[in-house]
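Visitor: The structure file run.txt (compact mmCIF, C-alpha atoms) is provided below.
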# COMPACT_ATOMS: atom_id res chain seq x y z
CA MET A 465 -49.06 -61.02 -88.70
CA ARG A 466 -50.47 -63.34 -86.04
CA VAL A 467 -46.96 -64.47 -85.08
CA GLN A 468 -45.86 -60.86 -84.67
CA ARG A 469 -48.80 -60.10 -82.37
CA THR A 470 -48.14 -63.18 -80.25
CA LEU A 471 -44.48 -62.26 -79.90
CA ALA A 472 -45.44 -58.72 -78.88
CA MET A 473 -47.79 -60.04 -76.19
CA LEU A 474 -45.15 -62.43 -74.91
CA ALA A 475 -42.61 -59.62 -74.73
CA GLY A 476 -45.10 -57.51 -72.83
CA LEU A 477 -45.75 -60.24 -70.32
CA LEU A 478 -42.03 -60.79 -69.80
CA ALA A 479 -41.51 -57.07 -69.23
CA LEU A 480 -44.34 -57.03 -66.68
CA GLY A 481 -42.83 -60.01 -64.93
CA ALA A 482 -39.48 -58.25 -64.72
CA MET A 483 -41.10 -55.21 -63.07
CA LEU A 484 -42.85 -57.22 -60.31
CA PRO A 485 -40.71 -58.35 -57.41
CA ALA A 486 -40.59 -62.05 -56.89
CA ALA A 487 -43.20 -63.21 -54.34
CA ALA A 488 -41.66 -63.35 -50.87
CA ALA A 489 -41.84 -66.62 -48.99
CA THR A 490 -43.28 -66.52 -45.48
CA TYR A 491 -42.19 -68.81 -42.65
CA ARG A 492 -43.11 -69.13 -39.02
CA ILE A 493 -40.11 -68.45 -36.85
CA ASP A 494 -38.89 -70.95 -34.32
CA ASP A 495 -39.10 -69.07 -31.01
CA THR A 496 -38.07 -71.90 -28.72
CA GLY A 497 -36.84 -70.33 -25.50
CA THR A 498 -39.40 -67.52 -25.54
CA PHE A 499 -41.32 -67.19 -22.29
CA ALA A 500 -43.78 -64.86 -20.60
CA SER A 501 -43.09 -63.52 -17.11
CA GLN A 502 -46.35 -64.99 -15.82
CA PRO A 503 -48.49 -67.84 -17.09
CA VAL A 504 -51.75 -65.92 -16.70
CA THR A 505 -52.26 -62.18 -16.94
CA PRO A 506 -55.24 -60.92 -14.94
CA MET A 507 -57.27 -58.40 -16.90
CA ARG A 508 -58.46 -55.56 -14.68
CA TRP A 509 -61.14 -52.97 -15.31
CA ARG A 510 -59.55 -49.64 -16.14
CA GLN A 511 -62.38 -48.07 -14.15
CA LEU A 512 -63.62 -50.18 -11.26
CA ALA A 513 -67.01 -48.51 -11.58
CA PRO A 514 -68.60 -48.14 -15.00
CA GLY A 515 -69.53 -44.53 -14.24
CA ARG A 516 -71.57 -42.25 -16.41
CA ALA A 517 -69.06 -42.34 -19.26
CA GLY A 518 -69.26 -46.12 -19.35
CA ASP A 519 -65.58 -47.08 -19.70
CA HIS A 520 -65.62 -50.86 -19.96
CA THR A 521 -61.98 -51.41 -20.87
CA VAL A 522 -60.04 -54.20 -19.22
CA GLU A 523 -56.27 -54.15 -19.38
CA GLY A 524 -53.34 -56.31 -18.44
CA ARG A 525 -49.55 -56.25 -18.78
CA VAL A 526 -47.03 -59.01 -19.26
CA GLN A 527 -43.33 -59.05 -20.03
CA VAL A 528 -42.09 -61.51 -22.63
CA GLN A 529 -38.51 -62.63 -23.21
CA LEU A 530 -38.15 -63.38 -26.90
CA ARG A 531 -35.64 -65.68 -28.54
CA LEU A 532 -36.08 -65.95 -32.29
CA ASN A 533 -34.09 -68.51 -34.25
CA LEU A 534 -33.15 -66.77 -37.50
CA SER A 535 -30.24 -69.02 -38.38
CA GLN A 536 -31.80 -70.02 -41.70
CA TRP A 537 -31.93 -66.44 -42.91
CA VAL A 538 -28.64 -64.88 -41.79
CA SER A 539 -27.34 -62.23 -44.20
CA ARG A 540 -30.63 -62.14 -46.08
CA PRO A 541 -32.97 -59.15 -46.24
CA ALA A 542 -36.17 -59.94 -44.44
CA ARG A 543 -39.28 -58.59 -42.81
CA ILE A 544 -40.41 -59.97 -39.47
CA TYR A 545 -43.97 -59.65 -38.22
CA LEU A 546 -45.61 -60.28 -34.87
CA SER A 547 -48.99 -61.94 -35.36
CA LEU A 548 -51.88 -62.50 -33.01
CA ALA A 549 -54.30 -65.28 -33.82
CA PRO A 550 -58.01 -64.35 -33.84
CA THR A 551 -59.38 -64.03 -30.31
CA ASP A 552 -62.73 -65.11 -28.93
CA GLY A 553 -65.44 -62.46 -29.06
CA GLU A 554 -64.16 -58.93 -28.87
CA GLN A 555 -60.97 -58.11 -30.73
CA LEU A 556 -58.21 -57.73 -28.24
CA VAL A 557 -55.50 -55.16 -28.83
CA ALA A 558 -51.89 -55.84 -27.90
CA THR A 559 -49.41 -52.96 -27.77
CA TRP A 560 -45.75 -53.51 -27.00
CA ARG A 561 -42.62 -51.63 -26.10
CA THR A 562 -39.21 -53.05 -26.91
CA GLN A 563 -35.57 -52.61 -25.99
CA GLY A 564 -34.81 -51.45 -29.53
CA ARG A 565 -33.96 -54.61 -31.42
CA LEU A 566 -37.52 -54.86 -32.64
CA LEU A 567 -39.98 -52.10 -33.47
CA PRO A 568 -42.72 -51.22 -31.00
CA GLY A 569 -46.25 -51.52 -32.28
CA THR A 570 -49.82 -52.64 -31.94
CA VAL A 571 -51.62 -55.69 -33.23
CA ARG A 572 -55.24 -56.82 -33.13
CA GLY A 573 -56.50 -60.36 -33.05
CA GLY A 574 -56.29 -61.88 -36.50
CA SER A 575 -53.65 -59.52 -37.86
CA ARG A 576 -49.91 -58.90 -37.83
CA THR A 577 -47.54 -55.95 -37.47
CA LEU A 578 -44.04 -55.36 -38.81
CA VAL A 579 -41.39 -55.50 -36.09
CA TYR A 580 -38.20 -55.78 -38.15
CA GLU A 581 -37.10 -54.89 -41.66
CA GLY A 582 -33.54 -55.29 -42.83
CA VAL A 583 -30.77 -57.80 -43.23
CA VAL A 584 -30.74 -60.58 -40.66
CA ARG A 585 -27.46 -60.18 -38.77
CA ASP A 586 -27.41 -62.94 -36.20
CA SER A 587 -28.66 -66.47 -35.86
CA PHE A 588 -30.63 -65.57 -32.76
CA LEU A 589 -32.48 -62.38 -31.96
CA GLN A 590 -33.18 -61.87 -28.27
CA GLU A 591 -35.43 -59.10 -27.10
CA SER A 592 -37.51 -58.20 -24.07
CA ILE A 593 -40.92 -56.72 -24.75
CA VAL A 594 -43.67 -55.39 -22.49
CA LEU A 595 -47.10 -56.32 -23.79
CA ASP A 596 -50.06 -54.15 -22.83
CA LEU A 597 -53.33 -55.90 -23.52
CA THR A 598 -56.68 -54.11 -23.74
CA ALA A 599 -60.19 -55.20 -24.65
CA ASP A 600 -63.82 -54.39 -24.03
CA GLY A 601 -64.32 -56.18 -20.72
CA ARG A 602 -67.98 -56.79 -21.45
CA LYS A 603 -66.96 -59.05 -24.29
CA VAL A 604 -64.22 -60.98 -22.55
CA GLU A 605 -66.39 -63.48 -20.75
CA HIS A 606 -63.93 -66.23 -19.98
CA ALA A 607 -60.26 -66.90 -19.50
CA GLN A 608 -58.56 -67.51 -22.80
CA SER A 609 -55.16 -68.07 -24.33
CA LEU A 610 -53.76 -65.53 -26.76
CA GLN A 611 -51.63 -67.11 -29.45
CA PHE A 612 -48.76 -64.93 -30.61
CA PHE A 613 -46.25 -65.97 -33.26
CA PHE A 614 -43.59 -64.45 -35.47
CA GLU A 615 -43.44 -64.70 -39.24
CA ILE A 616 -40.55 -63.88 -41.51
CA GLU A 617 -40.79 -62.85 -45.13
CA VAL A 618 -37.74 -63.37 -47.32
CA SER A 619 -37.27 -63.15 -51.05
CA PRO A 620 -36.51 -66.47 -52.67
CA MET B 1163 -36.41 -107.94 -8.67
CA LYS B 1164 -33.42 -105.71 -8.30
CA SER B 1165 -32.25 -106.36 -11.79
CA LEU B 1166 -35.74 -105.59 -13.11
CA SER B 1167 -35.77 -102.33 -11.25
CA PHE B 1168 -32.34 -101.46 -12.62
CA ARG B 1169 -33.47 -102.29 -16.11
CA MET B 1170 -36.49 -100.03 -15.70
CA ARG B 1171 -34.30 -97.21 -14.52
CA ARG B 1172 -32.08 -97.63 -17.52
CA ALA B 1173 -35.14 -97.67 -19.74
CA LEU B 1174 -36.49 -94.50 -18.14
CA LEU B 1175 -33.13 -92.82 -18.49
CA GLY B 1176 -33.03 -93.76 -22.16
CA LEU B 1177 -36.54 -92.35 -22.64
CA ALA B 1178 -35.60 -89.09 -20.97
CA VAL B 1179 -32.60 -88.66 -23.23
CA ALA B 1180 -34.75 -89.43 -26.25
CA CYS B 1181 -37.30 -86.81 -25.15
CA VAL B 1182 -34.67 -84.10 -24.98
CA ALA B 1183 -33.34 -85.09 -28.36
CA TRP B 1184 -36.83 -85.01 -29.91
CA LEU B 1185 -38.09 -81.85 -28.17
CA PRO B 1186 -40.09 -80.07 -30.87
CA SER B 1187 -39.31 -76.48 -31.67
CA ALA B 1188 -41.87 -73.85 -30.73
CA HIS B 1189 -43.45 -71.58 -33.28
CA GLY B 1190 -45.35 -69.14 -31.13
CA PHE B 1191 -46.00 -68.25 -27.52
CA THR B 1192 -49.15 -68.11 -25.46
CA VAL B 1193 -50.36 -65.44 -23.05
CA GLY B 1194 -53.23 -66.50 -20.82
CA ILE B 1195 -55.69 -63.83 -19.74
CA THR B 1196 -58.61 -63.79 -17.33
CA ALA B 1197 -61.90 -61.96 -17.58
CA GLY B 1198 -62.42 -58.83 -15.46
CA GLN B 1199 -63.63 -59.38 -11.92
CA ARG B 1200 -67.25 -59.09 -10.89
CA ALA B 1201 -68.10 -56.21 -8.55
CA LEU B 1202 -71.15 -54.79 -6.84
CA PHE B 1203 -71.38 -51.47 -5.00
CA LEU B 1204 -74.19 -49.73 -3.13
CA GLN B 1205 -74.14 -46.54 -1.12
CA VAL B 1206 -77.17 -45.31 0.83
CA GLY B 1207 -76.54 -42.08 2.70
CA VAL B 1208 -72.95 -41.68 3.80
CA GLY B 1209 -70.25 -43.87 2.33
CA THR B 1210 -66.50 -44.30 2.45
CA MET B 1211 -64.07 -43.64 -0.37
CA SER B 1212 -60.32 -43.52 0.00
CA GLY B 1213 -57.79 -42.16 -2.46
CA GLY B 1214 -60.26 -40.05 -4.40
CA PHE B 1215 -63.36 -40.95 -6.32
CA PHE B 1216 -64.10 -43.88 -8.59
CA ASN B 1217 -63.11 -41.98 -11.72
CA ASN B 1218 -59.60 -41.27 -10.47
CA GLY B 1219 -58.75 -44.55 -8.80
CA GLY B 1220 -60.51 -44.15 -5.47
CA THR B 1221 -61.35 -47.27 -3.51
CA PRO B 1222 -64.67 -47.78 -1.75
CA GLY B 1223 -64.81 -49.05 1.81
CA ASP B 1224 -67.44 -50.47 4.09
CA ASN B 1225 -69.50 -47.94 6.01
CA SER B 1226 -71.93 -49.26 8.60
CA THR B 1227 -73.64 -45.95 9.31
CA VAL B 1228 -77.42 -46.07 9.29
CA ASN B 1229 -78.72 -42.63 8.46
CA THR B 1230 -82.09 -41.34 9.58
CA ALA B 1231 -84.88 -39.38 7.97
CA SER B 1232 -87.27 -37.75 10.42
CA VAL B 1233 -89.96 -35.16 10.85
CA THR B 1234 -91.90 -33.63 13.71
CA VAL B 1235 -95.47 -32.93 12.66
CA PRO B 1236 -96.81 -29.61 14.00
CA VAL B 1237 -99.94 -30.04 16.08
CA ALA B 1238 -101.95 -27.88 13.71
CA GLN B 1239 -101.03 -30.17 10.83
CA LEU B 1240 -101.78 -33.52 12.46
CA GLY B 1241 -103.60 -35.76 10.03
CA SER B 1242 -104.26 -32.90 7.62
CA GLY B 1243 -103.13 -34.89 4.60
CA ALA B 1244 -100.42 -32.34 3.86
CA PRO B 1245 -97.21 -34.34 3.34
CA GLN B 1246 -94.48 -33.45 5.78
CA LEU B 1247 -90.97 -33.32 4.28
CA MET B 1248 -88.47 -35.26 6.34
CA THR B 1249 -84.94 -34.11 6.96
CA THR B 1250 -81.93 -36.38 7.26
CA ASP B 1251 -78.67 -36.65 9.14
CA SER B 1252 -76.96 -37.76 5.93
CA THR B 1253 -74.58 -35.06 4.75
CA VAL B 1254 -73.81 -36.49 1.32
CA THR B 1255 -74.20 -34.27 -1.70
CA ALA B 1256 -71.28 -35.54 -3.80
CA SER B 1257 -71.42 -38.48 -6.13
CA PRO B 1258 -68.71 -41.04 -5.34
CA TRP B 1259 -68.19 -41.38 -9.08
CA GLU B 1260 -66.38 -38.06 -9.50
CA GLY B 1261 -67.34 -35.87 -6.56
CA ALA B 1262 -69.83 -33.69 -8.40
CA ALA B 1263 -72.62 -32.16 -6.31
CA PHE B 1264 -75.43 -34.52 -7.21
CA CYS B 1265 -77.76 -33.98 -4.25
CA ASN B 1266 -78.72 -30.70 -2.61
CA SER B 1267 -78.20 -29.74 1.02
CA PRO B 1268 -79.67 -32.77 2.84
CA ALA B 1269 -80.21 -30.74 5.99
CA THR B 1270 -82.87 -28.69 4.23
CA THR B 1271 -84.04 -30.86 1.33
CA GLY B 1272 -83.92 -34.19 3.15
CA GLN B 1273 -82.23 -35.79 0.13
CA VAL B 1274 -80.52 -39.09 0.84
CA TYR B 1275 -77.96 -40.21 -1.71
CA VAL B 1276 -78.51 -43.72 -3.16
CA GLY B 1277 -76.10 -44.97 -5.83
CA GLY B 1278 -74.08 -47.93 -7.00
CA PHE B 1279 -73.04 -50.14 -9.88
CA PHE B 1280 -72.89 -53.70 -11.12
CA ARG B 1281 -69.77 -54.92 -12.91
CA ARG B 1282 -69.72 -58.23 -14.66
CA PRO B 1283 -67.85 -59.47 -17.76
CA GLY B 1284 -69.78 -60.74 -20.69
CA GLN B 1285 -73.08 -59.83 -22.22
CA GLY B 1286 -74.64 -63.18 -22.96
CA ALA B 1287 -77.91 -64.45 -21.64
CA GLY B 1288 -78.38 -64.76 -17.90
CA GLY B 1289 -76.90 -62.71 -15.14
CA ASN B 1290 -77.51 -59.50 -16.98
CA GLU B 1291 -79.16 -57.50 -14.27
CA ALA B 1292 -78.85 -56.64 -10.62
CA ILE B 1293 -81.85 -55.64 -8.54
CA LEU B 1294 -82.04 -52.70 -6.16
CA SER B 1295 -84.75 -53.35 -3.59
CA VAL B 1296 -85.86 -52.04 -0.22
CA THR B 1297 -87.31 -54.03 2.64
CA THR B 1298 -89.53 -52.50 5.29
CA PRO B 1299 -91.48 -53.79 8.27
CA ALA B 1300 -95.26 -53.46 8.34
CA ALA B 1301 -95.21 -50.33 10.44
CA LEU B 1302 -93.23 -47.75 12.32
CA THR B 1303 -93.77 -48.26 16.04
CA SER B 1304 -93.69 -46.05 19.09
CA GLY B 1305 -92.59 -46.86 22.62
CA ASN B 1306 -96.24 -47.21 23.56
CA GLY B 1307 -96.81 -49.84 20.93
CA ASP B 1308 -98.72 -47.56 18.59
CA THR B 1309 -98.08 -47.93 14.89
CA ILE B 1310 -98.06 -46.06 11.61
CA PRO B 1311 -98.10 -48.18 8.46
CA PHE B 1312 -94.83 -47.90 6.55
CA SER B 1313 -96.86 -47.07 3.45
CA ARG B 1314 -97.38 -43.62 4.96
CA ILE B 1315 -93.89 -42.71 3.88
CA ALA B 1316 -93.11 -41.76 0.30
CA TRP B 1317 -90.10 -40.36 -1.52
CA THR B 1318 -89.40 -38.01 -4.38
CA SER B 1319 -86.41 -38.91 -6.50
CA SER B 1320 -84.14 -36.49 -8.34
CA GLY B 1321 -80.52 -35.70 -9.13
CA ASN B 1322 -78.73 -32.64 -10.38
CA GLY B 1323 -78.41 -32.91 -14.13
CA ASP B 1324 -80.89 -35.75 -14.46
CA ALA B 1325 -83.87 -34.96 -16.67
CA THR B 1326 -85.53 -38.06 -15.28
CA ALA B 1327 -84.57 -39.60 -11.96
CA THR B 1328 -82.91 -43.03 -12.29
CA ILE B 1329 -84.65 -44.48 -9.25
CA PRO B 1330 -88.34 -43.71 -9.63
CA SER B 1331 -90.26 -41.87 -6.97
CA GLY B 1332 -92.52 -44.09 -4.89
CA THR B 1333 -94.05 -45.13 -1.63
CA PHE B 1334 -92.96 -47.85 0.77
CA VAL B 1335 -95.07 -50.95 1.14
CA SER B 1336 -96.27 -51.92 4.58
CA GLY B 1337 -94.10 -54.91 5.20
CA GLY B 1338 -92.13 -56.70 2.51
CA THR B 1339 -89.58 -56.15 -0.18
CA GLN B 1340 -90.18 -53.97 -3.18
CA THR B 1341 -88.03 -53.56 -6.27
CA LEU B 1342 -86.82 -50.03 -6.87
CA LEU B 1343 -84.63 -50.46 -9.92
CA THR B 1344 -83.34 -53.04 -12.35
CA VAL B 1345 -79.63 -52.37 -12.83
CA SER B 1346 -78.20 -53.51 -16.15
CA ARG B 1347 -74.79 -55.14 -16.23
CA ASN B 1348 -71.94 -52.64 -16.27
CA THR B 1349 -74.01 -49.59 -15.50
CA TRP B 1350 -73.90 -46.90 -12.86
CA PHE B 1351 -77.00 -45.56 -11.09
CA GLU B 1352 -77.67 -42.83 -8.55
CA SER B 1353 -80.52 -40.71 -7.28
CA CYS B 1354 -81.32 -38.49 -4.33
CA LEU B 1355 -84.39 -39.58 -2.38
CA ALA B 1356 -86.30 -36.98 -0.37
CA PHE B 1357 -88.68 -38.72 2.05
CA SER B 1358 -92.05 -37.43 3.22
CA TYR B 1359 -94.54 -38.49 5.86
CA LEU B 1360 -97.94 -38.53 4.13
CA ASN B 1361 -99.76 -37.43 7.29
CA THR B 1362 -103.13 -38.82 6.29
CA GLU B 1363 -104.42 -39.76 9.72
CA ILE B 1364 -104.29 -38.72 13.34
CA VAL B 1365 -102.08 -40.97 15.39
CA PRO B 1366 -101.31 -41.04 19.13
CA ALA B 1367 -98.47 -38.83 20.32
CA GLY B 1368 -95.06 -40.45 20.33
CA THR B 1369 -91.88 -41.09 18.42
CA PHE B 1370 -92.39 -43.69 15.73
CA THR B 1371 -89.41 -45.49 14.24
CA GLY B 1372 -88.77 -48.12 11.63
CA ARG B 1373 -85.92 -49.16 9.38
CA ALA B 1374 -85.88 -49.47 5.62
CA THR B 1375 -83.04 -51.65 4.34
CA PHE B 1376 -81.76 -51.16 0.79
CA THR B 1377 -80.22 -54.14 -0.95
CA LEU B 1378 -78.45 -54.55 -4.28
CA THR B 1379 -78.53 -58.14 -5.46
CA ALA B 1380 -76.61 -59.59 -8.40
CA PRO B 1381 -77.17 -63.04 -9.89
Reformat the file's structure so that it appears as structure tokens.
Guide:
Amino acid sequence: MRVQRTLAMLAGLLALGAMLPAAAATYRIDDTGTFASQPVTPMRWRQLAPGRAGDHTVEGRVQVQLRLNLSQWVSRPARIYLSLAPTDGEQLVATWRTQGRLLPGTVRGGSRTLVYEGVVRDSFLQESIVLDLTADGRKVEHAQSLQFFFEIEVSP
Amino acid sequence: MKSLSFRMRRALLGLAVACVAWLPSAHGFTVGITAGQRALFLQVGVGTMSGGFFNNGGTPGDNSTVNTASVTVPVAQLGSGAPQLMTTDSTVTASPWEGAAFCNSPATTGQVYVGGFFRRPGQGAGGNEAILSVTTPAALTSGNGDTIPFSRIAWTSSGNGDATATIPSGTFVSGGTQTLLTVSRNTWFESCLAFSYLNTEIVPAGTFTGRATFTLTAP
């Protein structure tokens, strides 16, 4: 009786395992050759004067030429994310437009956003994006470096 | 010596080649950003804006005009203690923020527009506030050398839509600098000041003049 119950539990666990997709592995993508159009992006007040409405947004724009080395994952289905490391103080928001090879989107400091889903076709993915950066200017007290990186998820 | 130099060059060349060969791959890119710029703006009386108002991208300019507020006291009222409302040559009614009519007909109400802002990134300790102050001499003086203490001039503050005036009403001090308003970081302020001569004493006939200078100071 006890053997039967154990076998039933084991079968159940195996069935559950078969239903769950295998955990995807995540890797940082080598983006050697990626460069921004300017080393420092000046953040400007959206409204020079705070005014009665009190708009304290600062914004800046930078163009980035991307070159992602995907040679390890050619012909494999994958998801690619653009991540922004946590920023100092206020969460900064980055929104980007693309030429169509990657998806446009928005990311906040400390999070990531899907920019590609599908089979990896080529060893290198080159794309030009325009990054629009916004933040509460009251909370951006000093110059800082925003760390962007790409991650790829592939099934083992 | 030459051979040493040659050897060094060869060594440097070898190092350079090695560096290229061992160049690490990058796994991310960096975008540097700056904080927003500091800014301070004060308008007393007439000002200069080009390209619209602040709220639609207008740009302020320097304006060196010194406006006047004046009154002629009727003989029957001399020293009666009845305040005499001053009129002004300022024509400003519109707020430079968005152009709304904030003051009322200066020619009849004597209202002089005073407004500005203090922009500064950050909200930590220190440097949080700007100070709006006004400096006056001890007295207004006439061509004959007669004087009226500057403290005989007061103002009433208001603004269309303001339940309470931002710059409080008050009276000038006779010589010195007085604080009118503490301006918090990243805030806008404006009021319309209507000046009055308090007319509390009989003074010799003449035209008495004096200048009040408004200053906005940021740390």
Visitor: Need to verify the contact set: Ser1331 of chain B, 7 Å, all atoms listed in the file, exclusion of same-chain residues closer than 5 positions in sequence. Can you return it as a PyMOL selection string?
Guide: chain B and resi 1317-1319
Visitor: Would you save the residues of that selection, restricted to C-alpha atoms, as a PDB file, keeping the file's coordinate frame?
Guide:
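What ended up in out-v2.pdb:
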ATOM      1  CA  TRP B1317     -90.100 -40.360  -1.520  1.00  0.00           C
ATOM      2  CA  THR B1318     -89.400 -38.010  -4.380  1.00  0.00           C
ATOM      3  CA  SER B1319     -86.410 -38.910  -6.500  1.00  0.00           C
TER       4      SER B1319
END
Visitor: Please report the interatomic distance between atom CA of Asp586 of chain A and atom CA of Gly564 of chain A in Å with one decimal.
Guide: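 A separation of 15.2 Å between them.
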Visitor: Record the distance separating atom CA of Ser1212 of chain B and atom CA of Glu1260 of chain B, expressed in Å with one decimal.
Guide: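 Between these atoms lies a distance of 12.5 Å.
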Visitor: Every residue with an atom at most 9 Å from (-89.4, -36.0, 12.0) (file coordinates; all atoms listed in the file) is what I'm after, so could you write them as a list in words?
Guide: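 Within 9 Å of (-89.4, -36.0, 12.0), the protein and nucleic acid residues are Ala1231, Ser1232, Val1233, Thr1234, Val1235, Gln1246, Leu1247, Met1248, Thr1249, Thr1250, Tyr1359 and Thr1369 of chain B.
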Visitor: Using all atoms listed in the file, find which residues of chain B lie within 9 Å of chain A and jot them down as a PyMOL selection string.
Guide: chain B and resi 1186-1199+1201-1203+1216-1221+1259-1260+1278-1286+1347-1351
Visitor: Grab all the atoms of segment 1193-1199 of chain B that the file lists, wrap them in a box along x, y and z, add 4 Å per side, and give me centre plus edge lengths in Å (one decimal) as lines of an AutoDock Vina configuration file.
Guide:
center_x = -57.0
center_y = -62.7
center_z = -17.5
size_x = 21.3
size_y = 15.7
size_z = 19.1
Visitor: Using all atoms listed in the file, which protein or nucleic acid residues come within 9 Å of Ser587 of chain A? Drop anything in the same chain fewer than 5 positions from it, and give the result as a PyMOL selection string.
Guide: chain A and resi 532-538
Visitor: For a quick check of understanding, using all atoms listed in the file, which of B:Ser1252, B:Ser1346, B:Thr1298, B:Asn1361 has the smallest distance to Val1276 of chain B?
Guide: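 Of the candidates, the smallest distance to Val1276 of chain B is held by B:Ser1252.
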Visitor: Tell me which protein, DNA and RNA residues are within 9 Å of Ala487 of chain A, counting all atoms listed in the file, leaving out same-chain ones fewer than 4 positions away, and put them as a list in words.
Guide: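 Here the answer would be Val618, Ser619 and Pro620 of chain A.
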Visitor: List as a VMD selection string the protein and nucleic acid residues near Gln1273 of chain B, meaning an atom at most 6 Å away when only C-alpha atoms are counted, but skip any in the same chain fewer than 6 places from it.
Guide: chain B and resid 1354 to 1356
Visitor: One number please: atom CA of Gly1261 of chain B to atom CA of Asn1225 of chain B, in Å, one decimal.
Guide: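 One can read the atom CA of Gly1261 of chain B to atom CA of Asn1225 of chain B distance as 17.6 Å.
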Visitor: Which one of B:Thr1326, B:Ser1353, B:Thr1309, B:Thr1362 sits closest to Val1254 of chain B if you count only C-alpha atoms?
Guide: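 Of all the options, B:Ser1353 lies closest to Val1254 of chain B.
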Visitor: Do a neighbour search on Val1335 of chain B at 7 Å with only C-alpha atoms, toss out local chain neighbours closer than 3 positions, and write the hits as a VMD selection string.
Guide: chain B and resid 1312 to 1313 1338
Visitor: Can you tell me, as JSON, numbers by chain, which residues sit within 8 Å of (-76.7, -30.0, -4.0) in the file's frame, using all atoms listed in the file?
Guide: {"B": [1255, 1256, 1263, 1264, 1265, 1266, 1267, 1268, 1322]}
